[in-house]
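Asker: Dropping the structure in here first, questions after.
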Amino acid sequence: MKRKWWHDKIACQLYPKSYCDSNGDGIGDLQGIISKLDYLKSLGIDIVWLSPIYQSPFVDQGYDISDYYKIAPEFGTMEDFDELLAEAKKRDMYIVMDLVINHCSSRHRWFEEAVKNPEGPYGDYFYFRKGKDGKEPSNYRSYFGGSAWEPVKGRRDLYYYHMFAREQPDLNWYNPSVLRELYDMINWWLEKGVAGFRIDAIINIQKNLDFPDYPADGPDGLCALGTVIEHASGIGEMLEDLKRNTFEKYQAFTVGEVFNMREEELEEFVGEDGHFSSMFDFSQHLLTMGEHGWYEAKEFDFAAWRKAIFETQKKMEPIGFLSNIIENHDEPRGASTFLPLYVQNAAGIKMLGTIKMFLSGIPFLYQGQEIGMRNCRMQSIEEFDDINTKDQYRLALRMGLNEEEALEVCNRLSRDNARTPMQWSNEEHAGFTTGTPWLKVNPNYHEINVQAQEKEKDSVLNYYRKLTALRKSPDYKETFVYGHFIPAYEETENVIAYYRRDERNCILVLGNWGREEEEIRLPRTVRKVLLNNLPEYLAEGQKLTLLSGQALVLLLQG
Ligand code: NOJ
């Protein structure tokens with residue numbers, strides 16, 4: 001495999017609105033991020049991915065961009081951004097931007113011009129279609145609920161297409177002028193010095209331009225966009241064209257947010273010369289979401305979770321690098337999701353971190369994961385900000401859940417769980433802001449915060465530092481980055497374990513999700529315990545006892 005500069009890197013996603021507020025307006029900003037670069041460096045982070053910081057009305061928290069060339073004033077100025085790039089560079093760190101190009105904001109100039117004159121040149125930047133038999137042009141349900149078609153004000157029987165919110169009109173990727181605008185913009189940011197992009201919702205750019213109806217899959221008579229995408233084609237050529245005209249020229253690191261991809265396209269997407277450098281592995285997150293909505297959410301199932309990890313790792317081994325996450329700004333906190341209650345504690349969180357850190361692929365942390373931030377309970381639906389949560393709440397009520405139950409599923413799955421402000425200290429508002437935070441701060445900040453964990457030798461934070469240091473240590477880095485991945489102890493019910501091995505090292509990573517201890521027979525003797533999340537280490541020769549919630553990284557004899 002051709003070696004690339006990003007293969008051995010560790011990344012961290014920041015949600016700028018909630019990271020660190022430097023000016024007391026209750027919203028995190030670029031100067032706040034700059035002030036935390038040393039902290040990120042101390043965590044072993046090389047690549048910092050920023051969720052969108054472009055000008056936006058924030059209907060979908062910046063994933064609705066109204067000017068791709070401007071920094072949202074809430075976050076600062078272009079000078080602040082240039083300073084961030086320079087400060088990152090000084091520390092050998094890379095800044096990766098979010099690239100939201102399936103859609104823009106309805107307040108983008110292109111769209112404002114388009115609705116004024118749908119038949120004019122900007123009309124063709126979007127998808128305007130006539131209704132069918134007095135109804136929307138097709139029966140598609142947008143990702144955020146309701147029809148994916150919105151009537152154009154003042155025009156009879158004319159609609160525009162939006163796969164997400166109505167304030168996020170889809171861009172017409174079949175119009176060469178749109179491609180030119182987007183490619184120019186991407187190259188402009190790359191010229192500026194960004195190292196690459198996380199690419200939002202990209203599978204959605206392919207459309208069947210006839211927009212045919214599909215069988216309804218819910219009482220609303222609509223069908224999910226997943227079905228619509230399954231029937232679309234041409235994504236490969238579109239992504240190659242994008243890559244050739246932009247990323248490739250700069251050796252940019254790109255990580256795709258891709259759902260609903262065809263299995264057989266994996267190599268094309270992330271193989272050696274794939275469309276992207278990497279793609280997120282969401283296989284485990286899909287397990288709890290519920291097939292038609294959060295109202296059908298499923299409980300965490302350890303066996304299914306382990307199987308999902310192993311299957312992805314095995315199928316990726318000959319192909320390339322996926323990006324491994326525990327949580328992100330769209331997912332609830334991993335500490336509250338992937339651990340049974342009896343290990344929802346510091347040890348369990350360290351165990352989860354260990355298992356994910358040494359998988360093959362690129363580890364992506366999400367802000368606050370390194371201190372074990374948890375889901376934040378909201379008392380009523382009004383306390384949530386997220387557009388998707390509000391839709392899922394309404395859907396849950398429609399599907400027969402009562403208000404309490406609907407609130408409960410939102411508390412479990414809401415995207416706001418991971419969006420609450422970063423918990424820096426025990427001071428008011430967790431030290432995130434001196435003003436009024438834009439979103440509730442998790443009241444547990446008195447116990448869970450960076451300042452306290454800096455002081456505590458065995459804190460989750462300091463353990464995360466050990467994880468990243470081990471992954472990068474000269475003796476083992478090659479094995480963790482390029483070594484084989486081999487599942488282990490698959491027949492042991494509550495244990496997840498795997499080998500990372502190459503000619504130099506044989507490393508066994510283990511975690512016990514069970515309530516009870518587990519006895520394991522090791523195939524070889526242990527040369528060195530590289531990491532242990534507990535003070536105990538119970539081994540006699542090749543017999544090893546793994547305590548509940550224990551994670552070990554063992555270097556085995558040859
Ligand atoms: C995926 C992003 O991660 C999510 O936050 C956003 O709502 C949608 N794409 C639409 O851009």
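By order in the structure tokens, chains are A, B, ...; within a chain, residues start at 1; ligands start at 1, following the order shown.
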Distance limit 9 Å, reference ligand 1, atoms considered: only C-alpha atoms and all ligand atoms. Which residues make the cut? Give them as a VMD selection string.

Answerer: chain A and resid 51 60 to 64 100 to 104 143 to 144 163 to 165 168 199 to 202 257 328 to 330 386 to 388 415

Asker: Pick out the residues sitting within 12 Å of Val409 in chain A, and hand them over as an MDAnalysis selection string; count only C-alpha atoms, and ignore anything fewer than 3 positions along from it in its own chain.

Answerer: chainID A and resid 288:290 293:299 332 377:378 380:381 389:390 392:397 401:406 412:415 417

Asker: Could you save those same residues with C-alpha atoms as a PDB file, in the first residue's frame?

Answerer:
ATOM      1  CA  THR A 288     -29.206   1.489  18.107  1.00  0.00           C
ATOM      2  CA  MET A 289     -30.904   4.112  15.932  1.00  0.00           C
ATOM      3  CA  GLY A 290     -34.121   2.273  15.077  1.00  0.00           C
ATOM      4  CA  GLY A 293     -36.892   6.445  13.670  1.00  0.00           C
ATOM      5  CA  TRP A 294     -35.726   6.884  17.217  1.00  0.00           C
ATOM      6  CA  TYR A 295     -39.083   5.660  18.517  1.00  0.00           C
ATOM      7  CA  GLU A 296     -37.859   2.202  17.532  1.00  0.00           C
ATOM      8  CA  ALA A 297     -34.441   2.656  19.162  1.00  0.00           C
ATOM      9  CA  LYS A 298     -32.795  -0.539  20.276  1.00  0.00           C
ATOM     10  CA  GLU A 299     -30.843  -1.274  23.421  1.00  0.00           C
ATOM     11  CA  PRO A 332     -25.082  10.505  21.487  1.00  0.00           C
ATOM     12  CA  ARG A 377     -30.611  14.911  30.221  1.00  0.00           C
ATOM     13  CA  MET A 378     -33.090  17.520  29.081  1.00  0.00           C
ATOM     14  CA  SER A 380     -38.524  18.934  28.296  1.00  0.00           C
ATOM     15  CA  ILE A 381     -38.466  19.036  24.513  1.00  0.00           C
ATOM     16  CA  THR A 389     -34.496  15.948  17.668  1.00  0.00           C
ATOM     17  CA  LYS A 390     -37.654  18.025  17.371  1.00  0.00           C
ATOM     18  CA  GLN A 392     -37.961  12.713  15.984  1.00  0.00           C
ATOM     19  CA  TYR A 393     -39.982  13.795  19.017  1.00  0.00           C
ATOM     20  CA  ARG A 394     -43.017  14.604  16.843  1.00  0.00           C
ATOM     21  CA  LEU A 395     -42.574  11.342  14.970  1.00  0.00           C
ATOM     22  CA  ALA A 396     -42.406   9.361  18.201  1.00  0.00           C
ATOM     23  CA  LEU A 397     -45.673  10.950  19.370  1.00  0.00           C
ATOM     24  CA  LEU A 401     -45.372   6.971  22.300  1.00  0.00           C
ATOM     25  CA  ASN A 402     -46.569   9.250  25.082  1.00  0.00           C
ATOM     26  CA  GLU A 403     -44.760  12.515  25.853  1.00  0.00           C
ATOM     27  CA  GLU A 404     -42.632  10.990  28.553  1.00  0.00           C
ATOM     28  CA  GLU A 405     -41.553   8.104  26.340  1.00  0.00           C
ATOM     29  CA  ALA A 406     -40.860  10.410  23.397  1.00  0.00           C
ATOM     30  CA  ARG A 412     -31.048   8.775  24.566  1.00  0.00           C
ATOM     31  CA  LEU A 413     -30.410   9.638  20.957  1.00  0.00           C
ATOM     32  CA  SER A 414     -30.498  13.409  20.536  1.00  0.00           C
ATOM     33  CA  ARG A 415     -27.675  15.039  18.661  1.00  0.00           C
ATOM     34  CA  ASN A 417     -26.151  15.065  23.779  1.00  0.00           C
TER      35      ASN A 417
END

Asker: Using backbone DSSP assignments, extract all strand (DSSP E or B) residues from range 193-346 of chain A; output them as a list in words.

Answerer: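 DSSP-assigned strand (DSSP E or B) residues in range 193-346 of chain A: Gly196, Phe197, Arg198, Ile199, Cys223, Ala224, Phe253, Thr254, Val255, Gly256, Ser278, Met279, Phe280, Ser323, Asn324 and Ile325 of chain A.
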
Asker: From a DSSP pass on the backbone, collect the residues of range 285-521 of chain A flagged as alpha helix (DSSP H) and hand them back as a ChimeraX atom specification.

Answerer: /A:302-316,334-337,346-357,387-398,403-413,450-455,460-472,477-482

Asker: Just to be explicit: take each residue in the selection above, keep C-alpha atoms, and write the result as a tab-separated table (two decimals), in the first residue's frame.

Answerer:
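Full text of again_27.tsv as output:
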chain	number	residue	atom	x	y	z
A	302	PHE	CA	-22.64	-6.14	22.95
A	303	ALA	CA	-22.54	-9.12	20.59
A	304	ALA	CA	-23.95	-7.13	17.67
A	305	TRP	CA	-21.57	-4.24	18.40
A	306	ARG	CA	-18.51	-6.52	18.49
A	307	LYS	CA	-19.62	-8.25	15.31
A	308	ALA	CA	-20.05	-4.93	13.54
A	309	ILE	CA	-16.52	-3.83	14.50
A	310	PHE	CA	-14.96	-7.12	13.43
A	311	GLU	CA	-16.81	-7.29	10.14
A	312	THR	CA	-15.75	-3.80	9.17
A	313	GLN	CA	-12.17	-4.34	10.23
A	314	LYS	CA	-11.91	-7.60	8.31
A	315	LYS	CA	-13.40	-6.27	5.11
A	316	MET	CA	-11.23	-3.14	5.27
A	334	GLY	CA	-20.37	6.79	23.52
A	335	ALA	CA	-19.86	6.58	27.28
A	336	SER	CA	-23.67	6.56	27.66
A	337	THR	CA	-24.34	4.33	24.65
A	346	ALA	CA	-14.07	5.91	34.46
A	347	ALA	CA	-12.77	2.36	34.03
A	348	GLY	CA	-15.43	1.49	31.46
A	349	ILE	CA	-14.82	4.67	29.52
A	350	LYS	CA	-11.10	3.93	29.42
A	351	MET	CA	-11.89	0.42	28.24
A	352	LEU	CA	-14.05	1.71	25.40
A	353	GLY	CA	-11.31	4.17	24.45
A	354	THR	CA	-8.73	1.39	24.43
A	355	ILE	CA	-10.71	-0.90	22.15
A	356	LYS	CA	-11.29	1.87	19.64
A	357	MET	CA	-7.81	3.38	19.72
A	387	ILE	CA	-33.87	20.39	14.44
A	388	ASN	CA	-33.63	16.62	14.02
A	389	THR	CA	-34.50	15.95	17.67
A	390	LYS	CA	-37.65	18.02	17.37
A	391	ASP	CA	-38.70	16.05	14.33
A	392	GLN	CA	-37.96	12.71	15.98
A	393	TYR	CA	-39.98	13.79	19.02
A	394	ARG	CA	-43.02	14.60	16.84
A	395	LEU	CA	-42.57	11.34	14.97
A	396	ALA	CA	-42.41	9.36	18.20
A	397	LEU	CA	-45.67	10.95	19.37
A	398	ARG	CA	-47.31	10.20	16.03
A	403	GLU	CA	-44.76	12.51	25.85
A	404	GLU	CA	-42.63	10.99	28.55
A	405	GLU	CA	-41.55	8.10	26.34
A	406	ALA	CA	-40.86	10.41	23.40
A	407	LEU	CA	-38.72	12.62	25.62
A	408	GLU	CA	-36.90	9.54	26.81
A	409	VAL	CA	-35.88	8.44	23.29
A	410	CYS	CA	-34.71	11.99	22.57
A	411	ASN	CA	-32.65	11.98	25.74
A	412	ARG	CA	-31.05	8.78	24.57
A	413	LEU	CA	-30.41	9.64	20.96
A	450	VAL	CA	-10.64	18.99	32.26
A	451	GLN	CA	-9.20	20.96	35.14
A	452	ALA	CA	-9.98	18.26	37.71
A	453	GLN	CA	-8.70	15.51	35.44
A	454	GLU	CA	-5.45	17.33	34.72
A	455	LYS	CA	-4.68	17.04	38.42
A	460	VAL	CA	-9.74	9.43	31.90
A	461	LEU	CA	-7.92	12.38	30.34
A	462	ASN	CA	-4.49	11.18	31.37
A	463	TYR	CA	-5.38	7.68	30.25
A	464	TYR	CA	-6.33	9.03	26.82
A	465	ARG	CA	-2.88	10.61	26.69
A	466	LYS	CA	-1.41	7.18	27.32
A	467	LEU	CA	-3.57	5.71	24.57
A	468	THR	CA	-2.42	8.18	21.94
A	469	ALA	CA	1.20	7.98	23.13
A	470	LEU	CA	1.18	4.19	22.84
A	471	ARG	CA	-0.40	4.28	19.40
A	472	LYS	CA	2.39	6.63	18.28
A	477	LYS	CA	3.36	2.54	15.68
A	478	GLU	CA	4.09	0.56	12.55
A	479	THR	CA	2.13	-2.40	13.93
A	480	PHE	CA	-0.86	-0.29	14.93
A	481	VAL	CA	-0.94	1.58	11.65
A	482	TYR	CA	-0.09	-1.11	9.10

Asker: Write out as a ChimeraX atom specification the residues lying within 9 Å of Ser147 in chain A, counting only C-alpha atoms and excluding same-chain residues fewer than 5 positions away.

Answerer: /A:136,138-142,162-163,222

Asker: Produce a file of the selected residues containing N, CA and C atoms, as a PDB file, in the first residue's frame.

Answerer:
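What landed in result-v5.pdb:
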ATOM      1  N   GLU A 136     -46.789  17.212  -4.407  1.00  0.00           N
ATOM      2  CA  GLU A 136     -45.350  17.375  -4.593  1.00  0.00           C
ATOM      3  C   GLU A 136     -44.863  16.537  -5.782  1.00  0.00           C
ATOM      4  N   SER A 138     -42.602  14.340  -6.001  1.00  0.00           N
ATOM      5  CA  SER A 138     -42.432  12.919  -5.668  1.00  0.00           C
ATOM      6  C   SER A 138     -42.666  12.733  -4.170  1.00  0.00           C
ATOM      7  N   ASN A 139     -42.741  11.465  -3.781  1.00  0.00           N
ATOM      8  CA  ASN A 139     -43.169  11.186  -2.394  1.00  0.00           C
ATOM      9  C   ASN A 139     -41.981  10.940  -1.455  1.00  0.00           C
ATOM     10  N   TYR A 140     -40.982  11.786  -1.516  1.00  0.00           N
ATOM     11  CA  TYR A 140     -39.793  11.542  -0.687  1.00  0.00           C
ATOM     12  C   TYR A 140     -39.910  12.253   0.667  1.00  0.00           C
ATOM     13  N   ARG A 141     -39.486  11.529   1.690  1.00  0.00           N
ATOM     14  CA  ARG A 141     -39.476  12.111   3.049  1.00  0.00           C
ATOM     15  C   ARG A 141     -38.087  12.674   3.329  1.00  0.00           C
ATOM     16  N   SER A 142     -38.004  13.925   3.696  1.00  0.00           N
ATOM     17  CA  SER A 142     -36.682  14.514   3.956  1.00  0.00           C
ATOM     18  C   SER A 142     -36.091  13.878   5.216  1.00  0.00           C
ATOM     19  N   HIS A 162     -35.160  19.512  -1.236  1.00  0.00           N
ATOM     20  CA  HIS A 162     -34.240  19.604  -0.094  1.00  0.00           C
ATOM     21  C   HIS A 162     -34.259  18.280   0.651  1.00  0.00           C
ATOM     22  N   MET A 163     -33.129  17.612   0.670  1.00  0.00           N
ATOM     23  CA  MET A 163     -33.095  16.314   1.348  1.00  0.00           C
ATOM     24  C   MET A 163     -33.063  16.498   2.863  1.00  0.00           C
ATOM     25  N   LEU A 222     -45.040   8.621   2.481  1.00  0.00           N
ATOM     26  CA  LEU A 222     -43.744   9.004   1.894  1.00  0.00           C
ATOM     27  C   LEU A 222     -42.772   7.832   1.957  1.00  0.00           C
TER      28      LEU A 222
END

Asker: If I take CA of Leu85 in chain A and CA of Asn324 in chain A, how far is one from the other in Å, to one decimal?

Answerer: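 Interatomic distance here is 24.8 Å.
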
Asker: Can you tell me, as a PyMOL selection string, what residues are no more than 9 Å from Asn260 in chain A when counting only C-alpha atoms, ignoring any on the same chain fewer than 3 positions away?

Answerer: chain A and resi 203+226-227+229-230+263

Asker: Can you tell me, as an MDAnalysis selection string, what residues are no more than 10 Å from Glu150 in chain A when counting only C-alpha atoms, ignoring any on the same chain fewer than 4 positions away?

Answerer: chainID A and resid 128 136:137 146 158:162 165:167 169

Asker: When you draw a straight line from CA of Tyr183 in chain A to CA of Asp241 in chain A, how long is it in Å?

Answerer: 9.7 Å

Asker: Hey, what's within 8 Å of Leu508 in chain A if we count only C-alpha atoms and toss same-chain stuff fewer than 5 positions away? As number ranges by chain, please?

Answerer: A: 497-500, 552-556

Asker: With only C-alpha atoms as the basis for distance, which of A:Arg333, A:Lys135, A:Arg155, A:Lys440 is at the shortest distance from Gln367 in chain A?

Answerer: A:Arg333

Asker: Rounded to one decimal place, report the CA of Leu242 in chain A-CA of Trp188 in chain A distance in Å.

Answerer: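 A separation of 14.1 Å between them.
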
Asker: Pick the closest to Gly320 in chain A from A:Ser35, A:Ser278, A:Asn208, A:Ser283: which is it, counting only C-alpha atoms?

Answerer: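 Looking only at the distances to Gly320 in chain A, the closest residue turns out to be A:Ser278.
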
Asker: Quick one: residues within 10 Å of Pro443 in chain A, only C-alpha atoms, excluding same-chain residues fewer than 5 positions away - as a PyMOL selection string?

Answerer: chain A and resi 376-377+423+429-430+448

Asker: So, with only C-alpha atoms as the atoms that count, which of A:Tyr476, A:Asn172, A:Tyr54, A:Asp157 lies closest to Ala114 in chain A?

Answerer: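 Looking only at the distances to Ala114 in chain A, the closest residue turns out to be A:Asn172.
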
Asker: Tell me which of A:Tyr174, A:Leu209, A:Thr436, A:Gly549 sits closest to Arg129 in chain A, counting only C-alpha atoms.

Answerer: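 Between A:Tyr174, A:Leu209, A:Thr436, A:Gly549, the residue approaching Arg129 in chain A most closely is A:Leu209.
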